[in-house]
Every structure is written in C-alpha cells, then in structure tokens.
$ cat work-v7.pdb   # PDB, C-alpha atoms
ATOM      1  CA  MET W   1      28.247 -45.977  31.129
ATOM      2  CA  ARG W   2      28.804 -42.574  29.782
ATOM      3  CA  THR W   3      25.931 -40.538  28.504
ATOM      4  CA  ARG W   4      26.829 -38.630  25.430
ATOM      5  CA  MET W   5      25.385 -35.172  25.500
ATOM      6  CA  ARG W   6      24.018 -33.997  22.221
ATOM      7  CA  THR W   7      24.151 -30.369  21.433
ATOM      8  CA  ARG W   8      21.494 -29.029  19.155
ATOM      9  CA  THR W   9      22.129 -26.005  17.105
ATOM     10  CA  HIS W  10      19.102 -23.749  17.044
ATOM     11  CA  ALA W  11      18.783 -21.365  14.162
ATOM     12  CA  TRP W  12      18.221 -17.810  15.276
ATOM     13  CA  PRO W  13      14.678 -16.859  14.387
ATOM     14  CA  GLY W  14      14.643 -14.623  11.363
ATOM     15  CA  PRO W  15      12.484 -11.519  10.958
ATOM     16  CA  ARG W  16       9.722 -13.523   9.274
ATOM     17  CA  SER W  17       9.292 -15.817  12.288
ATOM     18  CA  ARG W  18       9.033 -13.135  14.967
ATOM     19  CA  MET W  19       5.419 -12.573  15.946
ATOM     20  CA  THR W  20       5.017  -8.910  16.788
ATOM     21  CA  ALA W  21       1.883  -6.858  17.321
ATOM     22  CA  LYS W  22       2.326  -5.457  13.833
ATOM     23  CA  ARG W  23       2.555  -8.920  12.299
ATOM     24  CA  ALA W  24      -0.434 -10.102  14.335
ATOM     25  CA  LEU W  25      -2.448  -7.170  12.987
ATOM     26  CA  ASP W  26      -1.401  -8.100   9.460
ATOM     27  CA  LEU W  27      -2.516 -11.696   9.922
ATOM     28  CA  VAL W  28      -5.827 -10.998  11.638
ATOM     29  CA  LEU W  29      -6.983  -7.940   9.723
ATOM     30  CA  GLY W  30      -5.409  -9.047   6.455
ATOM     31  CA  SER W  31      -7.156 -12.424   6.583
ATOM     32  CA  ALA W  32     -10.490 -10.790   7.451
ATOM     33  CA  LEU W  33     -10.199  -8.290   4.588
ATOM     34  CA  LEU W  34      -9.210 -11.045   2.175
ATOM     35  CA  ALA W  35     -12.247 -13.112   3.160
ATOM     36  CA  LEU W  36     -14.556 -10.107   2.742
ATOM     37  CA  THR W  37     -13.172  -9.000  -0.613
ATOM     38  CA  ALA W  38     -12.608 -12.457  -2.143
ATOM     39  CA  PRO W  39     -15.987 -12.547  -3.996
ATOM     40  CA  LEU W  40     -15.397  -9.064  -5.432
ATOM     41  CA  LEU W  41     -11.847  -9.914  -6.479
ATOM     42  CA  ALA W  42     -12.999 -13.178  -8.071
ATOM     43  CA  ALA W  43     -15.725 -11.357 -10.033
ATOM     44  CA  ALA W  44     -13.228  -8.736 -11.187
ATOM     45  CA  ALA W  45     -10.761 -11.422 -12.265
ATOM     46  CA  LEU W  46     -13.461 -13.218 -14.297
ATOM     47  CA  THR W  47     -14.485  -9.937 -15.931
ATOM     48  CA  LEU W  48     -10.903  -9.136 -16.878
ATOM     49  CA  ALA W  49     -10.373 -12.673 -18.170
ATOM     50  CA  ALA W  50     -13.354 -12.255 -20.501
ATOM     51  CA  GLN W  51     -12.124  -8.897 -21.803
ATOM     52  CA  ARG W  52      -8.390  -9.453 -22.123
ATOM     53  CA  PRO W  53      -6.004 -11.959 -23.708
ATOM     54  CA  PRO W  54      -4.794 -14.869 -21.554
ATOM     55  CA  GLY W  55      -2.146 -13.891 -19.050
ATOM     56  CA  CYS W  56      -3.218 -10.245 -18.813
ATOM     57  CA  VAL W  57      -5.483 -10.546 -15.787
ATOM     58  CA  LEU W  58      -2.659 -10.224 -13.271
ATOM     59  CA  THR W  59       0.355  -7.953 -13.449
ATOM     60  CA  ARG W  60       3.589  -9.346 -12.066
ATOM     61  CA  SER W  61       6.658  -7.401 -10.984
ATOM     62  CA  THR W  62       9.666  -8.125  -8.790
ATOM     63  CA  ARG W  63       9.869  -6.082  -5.592
ATOM     64  CA  ILE W  64      12.300  -5.979  -2.690
ATOM     65  CA  GLY W  65      10.903  -7.129   0.627
ATOM     66  CA  LEU W  66      12.020  -7.713   4.200
ATOM     67  CA  ALA W  67      15.778  -8.204   4.662
ATOM     68  CA  GLY W  68      16.304  -7.374   0.991
ATOM     69  CA  HIS W  69      14.648 -10.548  -0.289
ATOM     70  CA  PRO W  70      12.964 -10.165  -3.699
ATOM     71  CA  PHE W  71       9.458 -11.457  -4.271
ATOM     72  CA  ALA W  72       6.995 -11.465  -7.164
ATOM     73  CA  LEU W  73       4.223  -8.929  -6.525
ATOM     74  CA  ARG W  74       0.989  -9.892  -8.260
ATOM     75  CA  SER W  75      -1.930  -7.506  -8.681
ATOM     76  CA  LEU W  76      -5.144  -7.366 -10.667
ATOM     77  CA  GLY W  77      -4.613  -5.326 -13.810
ATOM     78  CA  THR W  78      -7.180  -2.658 -12.916
ATOM     79  CA  ARG W  79      -7.316   0.395 -10.606
ATOM     80  CA  ARG W  80     -11.099   0.532 -10.455
ATOM     81  CA  LEU W  81     -12.309   0.595  -6.833
ATOM     82  CA  ARG W  82      -8.636   0.124  -5.850
ATOM     83  CA  LEU W  83      -8.945  -3.564  -6.684
ATOM     84  CA  ASP W  84      -5.269  -3.667  -7.654
ATOM     85  CA  VAL W  85      -4.372  -2.843  -4.041
ATOM     86  CA  LEU W  86      -6.922  -5.232  -2.513
ATOM     87  CA  SER W  87      -5.697  -8.058  -4.742
ATOM     88  CA  ARG W  88      -2.345  -7.860  -2.931
ATOM     89  CA  LEU W  89      -3.887  -9.002   0.365
ATOM     90  CA  PRO W  90      -2.579 -12.590  -0.095
ATOM     91  CA  HIS W  91       0.923 -11.096   0.058
ATOM     92  CA  VAL W  92       0.029  -9.577   3.449
ATOM     93  CA  VAL W  93      -1.190 -12.896   4.848
ATOM     94  CA  ARG W  94       1.846 -14.692   3.425
ATOM     95  CA  GLY W  95       4.259 -12.171   4.907
ATOM     96  CA  ASP W  96       5.676 -10.521   1.792
ATOM     97  CA  LEU W  97       3.862  -7.271   2.612
ATOM     98  CA  SER W  98       2.519  -5.549   5.693
ATOM     99  CA  LEU W  99      -0.766  -3.674   5.749
ATOM    100  CA  VAL W 100       1.219  -0.493   6.398
ATOM    101  CA  GLY W 101       4.791   0.157   5.422
ATOM    102  CA  PRO W 102       7.157   1.808   2.951
ATOM    103  CA  GLU W 103       6.470   1.538  -0.751
ATOM    104  CA  PRO W 104       7.662  -1.807  -2.220
ATOM    105  CA  LEU W 105      10.505  -0.881  -4.548
ATOM    106  CA  THR W 106      11.667  -2.646  -7.687
ATOM    107  CA  PRO W 107      15.273  -3.943  -7.701
ATOM    108  CA  ASP W 108      16.287  -1.180 -10.128
ATOM    109  CA  HIS W 109      14.762   1.486  -7.889
ATOM    110  CA  GLU W 110      16.409  -0.103  -4.854
ATOM    111  CA  ARG W 111      19.849   0.032  -6.472
ATOM    112  CA  ALA W 112      19.382   3.520  -7.883
ATOM    113  CA  GLY W 113      19.087   6.753  -6.001
ATOM    114  CA  THR W 114      21.037   9.786  -4.972
ATOM    115  CA  PRO W 115      23.810   9.560  -2.341
ATOM    116  CA  THR W 116      21.453  10.930   0.309
ATOM    117  CA  GLU W 117      18.946   8.161  -0.427
ATOM    118  CA  THR W 118      21.516   5.367  -0.391
ATOM    119  CA  GLY W 119      22.133   5.592   3.343
ATOM    120  CA  ALA W 120      18.400   5.494   4.006
ATOM    121  CA  ARG W 121      17.965   2.183   2.204
ATOM    122  CA  HIS W 122      19.191   0.188   5.207
ATOM    123  CA  TRP W 123      15.987   0.879   7.129
ATOM    124  CA  ARG W 124      13.944  -0.405   4.193
ATOM    125  CA  GLN W 125      15.355  -3.881   4.734
ATOM    126  CA  GLU W 126      14.239  -3.855   8.369
ATOM    127  CA  LEU W 127      10.556  -3.384   7.495
ATOM    128  CA  ARG W 128       8.116  -5.196   5.285
ATOM    129  CA  PRO W 129       6.902  -2.956   2.483
ATOM    130  CA  GLY W 130       3.287  -1.964   2.836
ATOM    131  CA  LEU W 131      -0.020  -2.378   1.079
ATOM    132  CA  THR W 132      -0.427   1.299   1.919
ATOM    133  CA  GLY W 133       1.672   3.738   3.858
ATOM    134  CA  LEU W 134       2.260   7.254   5.078
ATOM    135  CA  ALA W 135       3.501   8.338   1.653
ATOM    136  CA  GLN W 136       0.363   7.004  -0.042
ATOM    137  CA  VAL W 137      -2.152   8.673   2.267
ATOM    138  CA  ARG W 138      -0.265  11.985   2.113
ATOM    139  CA  SER W 139       0.284  11.863  -1.652
ATOM    140  CA  ARG W 140      -2.310  14.590  -2.309
ATOM    141  CA  SER W 141      -0.871  16.961   0.230
ATOM    142  CA  THR W 142       0.682  20.222  -0.995
ATOM    143  CA  MET W 143       3.201  20.375   1.825
ATOM    144  CA  PRO W 144       6.723  20.852   0.373
ATOM    145  CA  TRP W 145       8.283  18.236   2.642
ATOM    146  CA  ASP W 146       5.808  15.518   1.720
ATOM    147  CA  GLU W 147       8.153  13.631  -0.586
ATOM    148  CA  PRO W 148       7.501   9.854  -0.654
ATOM    149  CA  ALA W 149      11.056   8.882   0.311
ATOM    150  CA  LEU W 150      11.099  11.264   3.295
ATOM    151  CA  LEU W 151       7.674  10.117   4.464
ATOM    152  CA  ASP W 152       8.700   6.460   4.210
ATOM    153  CA  GLN W 153      11.823   7.177   6.248
ATOM    154  CA  HIS W 154       9.800   9.118   8.819
ATOM    155  CA  TYR W 155       7.441   6.143   9.141
ATOM    156  CA  ALA W 156      10.355   3.738   9.566
ATOM    157  CA  GLU W 157      11.803   5.830  12.374
ATOM    158  CA  HIS W 158       8.541   6.464  14.251
ATOM    159  CA  HIS W 159       6.180   3.629  13.383
ATOM    160  CA  TRP W 160       4.030   1.998  16.041
ATOM    161  CA  LEU W 161       0.678   0.224  16.103
ATOM    162  CA  GLY W 162      -1.326   3.401  16.693
ATOM    163  CA  LEU W 163       0.234   5.060  13.641
ATOM    164  CA  ASP W 164      -0.570   1.985  11.542
ATOM    165  CA  LEU W 165      -4.223   2.144  12.577
ATOM    166  CA  ALA W 166      -4.380   5.882  11.806
ATOM    167  CA  ILE W 167      -2.896   5.325   8.340
ATOM    168  CA  LEU W 168      -5.316   2.471   7.638
ATOM    169  CA  ALA W 169      -8.249   4.643   8.688
ATOM    170  CA  GLU W 170      -7.096   7.443   6.395
ATOM    171  CA  ALA W 171      -6.501   4.998   3.526
ATOM    172  CA  VAL W 172     -10.129   3.829   3.798
ATOM    173  CA  TYR W 173     -11.723   7.221   4.515
ATOM    174  CA  THR W 174     -10.175   9.243   1.681
ATOM    175  CA  PRO W 175     -11.304   7.098  -1.301
ATOM    176  CA  LEU W 176     -14.649   6.407   0.373
ATOM    177  CA  ARG W 177     -15.283  10.139   0.793
ATOM    178  CA  ALA W 178     -14.346  10.749  -2.849
ATOM    179  CA  THR W 179     -16.688   7.974  -4.002
ATOM    180  CA  LEU W 180     -19.592   9.252  -1.927
ATOM    181  CA  ARG W 181     -18.984  12.790  -3.110
ATOM    182  CA  GLY W 182     -19.061  11.603  -6.712
ATOM    183  CA  LEU W 183     -22.344   9.776  -6.163
ATOM    184  CA  THR W 184     -23.876  12.789  -4.448
ATOM    185  CA  HIS W 185     -23.032  15.181  -7.263
ATOM    186  CA  ARG W 186     -23.774  12.801 -10.109
ATOM    187  CA  GLY W 187     -26.587  14.017 -12.331
ATOM    188  CA  LYS W 188     -26.752  17.489 -10.840
ATOM    189  CA  ALA W 189     -26.522  20.503 -13.116
ATOM    190  CA  HIS W 190     -23.420  22.602 -12.657
ATOM    191  CA  LEU W 191     -24.462  26.095 -13.801
ATOM    192  CA  SER W 192     -22.122  29.023 -13.870
ATOM    193  CA  ASP W 193     -23.381  32.546 -13.220
ATOM    194  CA  THR W 194     -23.771  33.065 -16.984
ATOM    195  CA  ASP W 195     -25.570  29.824 -17.907
ATOM    196  CA  HIS W 196     -29.035  31.226 -17.160
ATOM    197  CA  ARG W 197     -28.642  34.513 -19.037
ATOM    198  CA  ARG W 198     -30.455  35.254 -22.279
ATOM    199  CA  ARG W 199     -28.597  34.947 -25.545
ATOM    200  CA  GLY W 200     -26.925  38.208 -26.500
ATOM    201  CA  TYR W 201     -26.639  39.389 -22.915
ATOM    202  CA  SER W 202     -23.524  41.415 -22.263
ATOM    203  CA  ALA W 203     -22.053  42.339 -18.904
ATOM    204  CA  ALA W 204     -21.515  45.840 -20.246
ATOM    205  CA  GLU W 205     -25.261  46.478 -20.528
TER     206      GLU W 205
END

$ encode --input "work-v7.pdb" --output "structure tokens"
Amino acid sequence: MRTRMRTRTHAWPGPRSRMTAKRALDLVLGSALLALTAPLLAAAALTLAAQRPPGCVLTRSTRIGLAGHPFALRSLGTRRLRLDVLSRLPHVVRGDLSLVGPEPLTPDHERAGTPTETGARHWRQELRPGLTGLAQVRSRSTMPWDEPALLDQHYAEHHWLGLDLAILAEAVYTPLRATLRGLTHRGKAHLSDTDHRRRGYSAAE
C-alpha cells in the first residue's frame, strides 16, 4: 500500500502578516488611543452631523499604502483639536496606516514628481504611511533641508522603534504646548510701550 504524499503550497507571508515591533506598537498603542478618544470622536461626529448636510461628516480620499495598494482614507471633516488625525486611528489598527511613517500620498501625487523623486518612491511601498511622521513634526522648522520628501526618505532609511517613539512624543508635545500657551495668555492685555501714554504725546517732546 503506497502512501501518497501531499504537498501543500504555503503562500509566502506578505508584509501585512509579518508581526514586527513596529506593527505591535501600532496595534497596542493605536488600540489604546482609539479607546481613549472614541467618546470625543463620537461627540465631534454628532456635532458635525447636526451642523452639516448628510455625507459631509467624513472626508474620503484615496491614498497609496503598503506595497502600493490603494485604500480609502476617512477622516473627520474638522481640524479642531487635531480630531481629523485622531479619527484615522481605525486605519492604524486595521493596518492601512502606521502611527509613524511617510505621508500617505494620493495616486496622482504618487505618479507625479520630478525625476529625482521618482527613484525614491520605491521605499514608500516598503513602509506603511503614517498617522504622523518626521516631516509633520519638523514642518515648522526653518532649516533649509527640511523638505517633506527628504525627511520622509530620511525616516525610511533610518527608522527604528526609538525614532518612532521620539516622533510620537514630539507630535503630542508640540500641539499640547501651543494649547497650554494659548490658555495661559488668553484674556491678558497685550500693551505696547505706547499704549499707556497720554493722548497727544509725541516721542519728540
């Protein structure tokens, strides 16, 4: 009696199925942030639904993700308190986005570009685009080399878990500092050196 040997063909695990430290961070931290912000996002969605016509609560646009696969990016149609960014957390948990990564490009932006940018687009397909990234946290810098495309490429070439955590910390700290600064200075008088002078006063006197 001959035993027929069956050969199974195993599909090579794609990039989505590989569990790396980066992906584990996305799942754990992304799920925790989504649970914490869900009530705020729900309240914002209800407020927008009451103020806007049907279908205008969420914005929808096609972006290019890992391995060049397109996906529909959905965001709340508001930038108040960065709720548009936080509303993309389901994409992080699902695997369309990473917490940190290059900017998610539209198909038109992905196809366009100068010759020097075209060669750099291969690395974009090897990384999930990010909820935030090096280009976003450095966007207010005045350094001449801080162009978004160059910063995204630098991140792709040098990224590691420690860099992701540093970028996340900066992404939280910068808007929080701006908010606290605004609350601190709200209601205070901002007088110039001439505001207190009597009417008719002249510096030439």

$ residues_near_point --input "work-v7.pdb" --point "(6.0, -5.5, 4.6)" --cutoff "6 Å" --atoms "all atoms listed in the file" --output "NGL selection string"
:W and (96-98 or 101 or 127-130)

$ resolve_selection --input "work-v7.pdb" --expression "the PyMOL selection byres ((chain W and resi 67-78) around 10)" --output "number ranges by chain"
W: 14-16, 41, 44-45, 48, 56-66, 79-91, 96-97, 104-107, 110, 121-128

$ residues_around --input "work-v7.pdb" --residues "stretch 147-158 of chain W" --least-positions-apart "3" --cutoff "7 Å" --atoms "only C-alpha atoms" --output "ChimeraX atom specification"
/W:102,123,134-135

$ closest_residue --input "work-v7.pdb" --among "W:Ala49, W:Met19, W:Ala171, W:Val92" --to "W:Ala32" --atoms "only C-alpha atoms"
W:Val92

$ atom_distance --input "work-v7.pdb" --atom1 "atom CA of W:Asp26" --atom2 "atom CA of W:Leu99"
5.8 Å

$ closest_residue --input "work-v7.pdb" --among "W:His159, W:Arg94, W:Arg138, W:His109" --to "W:Ala21" --atoms "only C-alpha atoms"
W:His159

$ atom_distance --input "work-v7.pdb" --atom1 "atom CA of W:Leu40" --atom2 "atom CA of W:Leu180"
19.1 Å

$ atom_distance --input "work-v7.pdb" --atom1 "atom CA of W:Gly95" --atom2 "atom CA of W:Ala24"
10.7 Å

$ decode --input "work-v7.pdb" --residues "stretch 33-164 of chain W" --atoms "C-alpha atoms" --output "PDB file, in the first residue's frame"
ATOM      1  CA  LEU W  33      -5.586  55.646  21.800  1.00  0.00           C
ATOM      2  CA  LEU W  34      -8.700  54.698  19.852  1.00  0.00           C
ATOM      3  CA  ALA W  35     -10.425  53.510  23.027  1.00  0.00           C
ATOM      4  CA  LEU W  36      -9.481  56.715  24.862  1.00  0.00           C
ATOM      5  CA  THR W  37     -10.531  59.088  22.094  1.00  0.00           C
ATOM      6  CA  ALA W  38     -13.661  57.228  20.932  1.00  0.00           C
ATOM      7  CA  PRO W  39     -16.089  59.291  23.102  1.00  0.00           C
ATOM      8  CA  LEU W  40     -14.542  62.558  21.888  1.00  0.00           C
ATOM      9  CA  LEU W  41     -14.623  61.443  18.258  1.00  0.00           C
ATOM     10  CA  ALA W  42     -18.239  60.292  18.596  1.00  0.00           C
ATOM     11  CA  ALA W  43     -19.254  63.648  20.114  1.00  0.00           C
ATOM     12  CA  ALA W  44     -17.454  65.517  17.338  1.00  0.00           C
ATOM     13  CA  ALA W  45     -19.135  63.381  14.679  1.00  0.00           C
ATOM     14  CA  LEU W  46     -22.589  64.064  16.180  1.00  0.00           C
ATOM     15  CA  THR W  47     -21.847  67.794  16.316  1.00  0.00           C
ATOM     16  CA  LEU W  48     -20.755  67.845  12.687  1.00  0.00           C
ATOM     17  CA  ALA W  49     -23.790  65.796  11.665  1.00  0.00           C
ATOM     18  CA  ALA W  50     -26.068  68.398  13.256  1.00  0.00           C
ATOM     19  CA  GLN W  51     -24.301  71.296  11.535  1.00  0.00           C
ATOM     20  CA  ARG W  52     -23.638  69.916   8.069  1.00  0.00           C
ATOM     21  CA  PRO W  53     -25.566  68.236   5.249  1.00  0.00           C
ATOM     22  CA  PRO W  54     -25.652  64.422   5.180  1.00  0.00           C
ATOM     23  CA  GLY W  55     -22.443  62.864   3.949  1.00  0.00           C
ATOM     24  CA  CYS W  56     -20.222  65.783   4.974  1.00  0.00           C
ATOM     25  CA  VAL W  57     -19.151  64.478   8.368  1.00  0.00           C
ATOM     26  CA  LEU W  58     -16.312  62.369   6.992  1.00  0.00           C
ATOM     27  CA  THR W  59     -13.918  63.243   4.203  1.00  0.00           C
ATOM     28  CA  ARG W  60     -12.837  60.391   1.964  1.00  0.00           C
ATOM     29  CA  SER W  61      -9.798  60.263  -0.299  1.00  0.00           C
ATOM     30  CA  THR W  62      -7.806  57.504  -1.975  1.00  0.00           C
ATOM     31  CA  ARG W  63      -4.241  57.090  -0.724  1.00  0.00           C
ATOM     32  CA  ILE W  64      -1.419  54.712  -1.572  1.00  0.00           C
ATOM     33  CA  GLY W  65      -0.427  52.333   1.191  1.00  0.00           C
ATOM     34  CA  LEU W  66       1.950  49.452   1.824  1.00  0.00           C
ATOM     35  CA  ALA W  67       3.187  47.654  -1.308  1.00  0.00           C
ATOM     36  CA  GLY W  68       1.455  50.270  -3.453  1.00  0.00           C
ATOM     37  CA  HIS W  69      -2.061  49.159  -2.526  1.00  0.00           C
ATOM     38  CA  PRO W  70      -4.651  51.969  -2.578  1.00  0.00           C
ATOM     39  CA  PHE W  71      -7.062  52.420   0.298  1.00  0.00           C
ATOM     40  CA  ALA W  72      -9.825  54.874   1.178  1.00  0.00           C
ATOM     41  CA  LEU W  73      -8.639  57.251   3.912  1.00  0.00           C
ATOM     42  CA  ARG W  74     -11.518  58.547   6.014  1.00  0.00           C
ATOM     43  CA  SER W  75     -11.191  61.479   8.399  1.00  0.00           C
ATOM     44  CA  LEU W  76     -13.500  63.743  10.358  1.00  0.00           C
ATOM     45  CA  GLY W  77     -14.073  66.952   8.436  1.00  0.00           C
ATOM     46  CA  THR W  78     -12.561  69.214  11.102  1.00  0.00           C
ATOM     47  CA  ARG W  79      -9.033  70.182  12.240  1.00  0.00           C
ATOM     48  CA  ARG W  80     -10.103  71.362  15.678  1.00  0.00           C
ATOM     49  CA  LEU W  81      -8.040  69.654  18.400  1.00  0.00           C
ATOM     50  CA  ARG W  82      -6.469  67.592  15.580  1.00  0.00           C
ATOM     51  CA  LEU W  83      -9.578  65.418  15.514  1.00  0.00           C
ATOM     52  CA  ASP W  84      -9.069  64.777  11.800  1.00  0.00           C
ATOM     53  CA  VAL W  85      -5.805  62.994  12.633  1.00  0.00           C
ATOM     54  CA  LEU W  86      -7.217  61.095  15.624  1.00  0.00           C
ATOM     55  CA  SER W  87     -10.177  59.914  13.549  1.00  0.00           C
ATOM     56  CA  ARG W  88      -7.714  57.964  11.384  1.00  0.00           C
ATOM     57  CA  LEU W  89      -6.780  55.648  14.267  1.00  0.00           C
ATOM     58  CA  PRO W  90      -9.032  52.832  12.930  1.00  0.00           C
ATOM     59  CA  HIS W  91      -6.770  52.779   9.864  1.00  0.00           C
ATOM     60  CA  VAL W  92      -3.790  52.197  12.185  1.00  0.00           C
ATOM     61  CA  VAL W  93      -5.463  49.269  13.941  1.00  0.00           C
ATOM     62  CA  ARG W  94      -6.594  47.825  10.609  1.00  0.00           C
ATOM     63  CA  GLY W  95      -3.124  48.096   9.106  1.00  0.00           C
ATOM     64  CA  ASP W  96      -3.642  50.723   6.412  1.00  0.00           C
ATOM     65  CA  LEU W  97      -1.542  53.233   8.366  1.00  0.00           C
ATOM     66  CA  SER W  98       1.216  53.123  10.944  1.00  0.00           C
ATOM     67  CA  LEU W  99       1.402  55.506  13.876  1.00  0.00           C
ATOM     68  CA  VAL W 100       4.610  56.892  12.370  1.00  0.00           C
ATOM     69  CA  GLY W 101       5.579  56.850   8.738  1.00  0.00           C
ATOM     70  CA  PRO W 102       5.809  58.808   5.490  1.00  0.00           C
ATOM     71  CA  GLU W 103       2.922  60.993   4.424  1.00  0.00           C
ATOM     72  CA  PRO W 104       0.117  58.987   2.729  1.00  0.00           C
ATOM     73  CA  LEU W 105       0.122  60.170  -0.871  1.00  0.00           C
ATOM     74  CA  THR W 106      -2.764  60.337  -3.313  1.00  0.00           C
ATOM     75  CA  PRO W 107      -2.432  58.263  -6.518  1.00  0.00           C
ATOM     76  CA  ASP W 108      -1.884  61.443  -8.553  1.00  0.00           C
ATOM     77  CA  HIS W 109       0.876  62.592  -6.205  1.00  0.00           C
ATOM     78  CA  GLU W 110       2.402  59.112  -6.277  1.00  0.00           C
ATOM     79  CA  ARG W 111       2.556  59.103 -10.078  1.00  0.00           C
ATOM     80  CA  ALA W 112       3.770  62.685 -10.339  1.00  0.00           C
ATOM     81  CA  GLY W 113       7.077  64.088  -9.255  1.00  0.00           C
ATOM     82  CA  THR W 114      10.430  65.150 -10.557  1.00  0.00           C
ATOM     83  CA  PRO W 115      12.966  62.580 -11.830  1.00  0.00           C
ATOM     84  CA  THR W 116      14.864  62.774  -8.540  1.00  0.00           C
ATOM     85  CA  GLU W 117      11.697  61.909  -6.613  1.00  0.00           C
ATOM     86  CA  THR W 118      10.724  59.005  -8.856  1.00  0.00           C
ATOM     87  CA  GLY W 119      13.579  56.788  -7.713  1.00  0.00           C
ATOM     88  CA  ALA W 120      12.713  57.477  -4.085  1.00  0.00           C
ATOM     89  CA  ARG W 121       9.164  56.193  -4.481  1.00  0.00           C
ATOM     90  CA  HIS W 122      10.259  52.558  -4.189  1.00  0.00           C
ATOM     91  CA  TRP W 123      10.936  52.934  -0.469  1.00  0.00           C
ATOM     92  CA  ARG W 124       7.437  54.329   0.031  1.00  0.00           C
ATOM     93  CA  GLN W 125       5.963  50.976  -0.944  1.00  0.00           C
ATOM     94  CA  GLU W 126       8.042  49.203   1.701  1.00  0.00           C
ATOM     95  CA  LEU W 127       6.541  51.205   4.580  1.00  0.00           C
ATOM     96  CA  ARG W 128       3.044  51.902   5.769  1.00  0.00           C
ATOM     97  CA  PRO W 129       2.250  55.598   5.554  1.00  0.00           C
ATOM     98  CA  GLY W 130       1.938  57.248   8.925  1.00  0.00           C
ATOM     99  CA  LEU W 131      -0.616  58.990  11.077  1.00  0.00           C
ATOM    100  CA  THR W 132       2.251  61.372  11.783  1.00  0.00           C
ATOM    101  CA  GLY W 133       5.868  61.409  10.768  1.00  0.00           C
ATOM    102  CA  LEU W 134       9.214  63.141  10.762  1.00  0.00           C
ATOM    103  CA  ALA W 135       8.054  65.582   8.089  1.00  0.00           C
ATOM    104  CA  GLN W 136       4.988  66.549  10.129  1.00  0.00           C
ATOM    105  CA  VAL W 137       6.803  67.215  13.400  1.00  0.00           C
ATOM    106  CA  ARG W 138       9.526  69.201  11.615  1.00  0.00           C
ATOM    107  CA  SER W 139       7.108  71.154   9.417  1.00  0.00           C
ATOM    108  CA  ARG W 140       7.612  74.379  11.401  1.00  0.00           C
ATOM    109  CA  SER W 141      11.366  74.217  11.247  1.00  0.00           C
ATOM    110  CA  THR W 142      13.228  76.897   9.273  1.00  0.00           C
ATOM    111  CA  MET W 143      16.058  74.577   8.309  1.00  0.00           C
ATOM    112  CA  PRO W 144      16.577  74.701   4.506  1.00  0.00           C
ATOM    113  CA  TRP W 145      16.880  70.930   4.175  1.00  0.00           C
ATOM    114  CA  ASP W 146      13.634  70.202   5.990  1.00  0.00           C
ATOM    115  CA  GLU W 147      11.621  69.423   2.873  1.00  0.00           C
ATOM    116  CA  PRO W 148       8.850  66.838   3.462  1.00  0.00           C
ATOM    117  CA  ALA W 149      10.038  64.448   0.744  1.00  0.00           C
ATOM    118  CA  LEU W 150      13.630  64.462   2.036  1.00  0.00           C
ATOM    119  CA  LEU W 151      12.509  63.974   5.630  1.00  0.00           C
ATOM    120  CA  ASP W 152      10.255  61.072   4.639  1.00  0.00           C
ATOM    121  CA  GLN W 153      13.137  59.447   2.775  1.00  0.00           C
ATOM    122  CA  HIS W 154      15.472  60.011   5.725  1.00  0.00           C
ATOM    123  CA  TYR W 155      12.926  58.325   8.004  1.00  0.00           C
ATOM    124  CA  ALA W 156      12.586  55.377   5.626  1.00  0.00           C
ATOM    125  CA  GLU W 157      16.338  54.845   5.590  1.00  0.00           C
ATOM    126  CA  HIS W 158      16.927  55.222   9.341  1.00  0.00           C
ATOM    127  CA  HIS W 159      13.677  54.340  11.080  1.00  0.00           C
ATOM    128  CA  TRP W 160      13.657  52.221  14.220  1.00  0.00           C
ATOM    129  CA  LEU W 161      11.403  51.891  17.252  1.00  0.00           C
ATOM    130  CA  GLY W 162      13.238  54.539  19.272  1.00  0.00           C
ATOM    131  CA  LEU W 163      12.816  57.093  16.479  1.00  0.00           C
ATOM    132  CA  ASP W 164       9.101  56.274  16.274  1.00  0.00           C
TER     133      ASP W 164
END
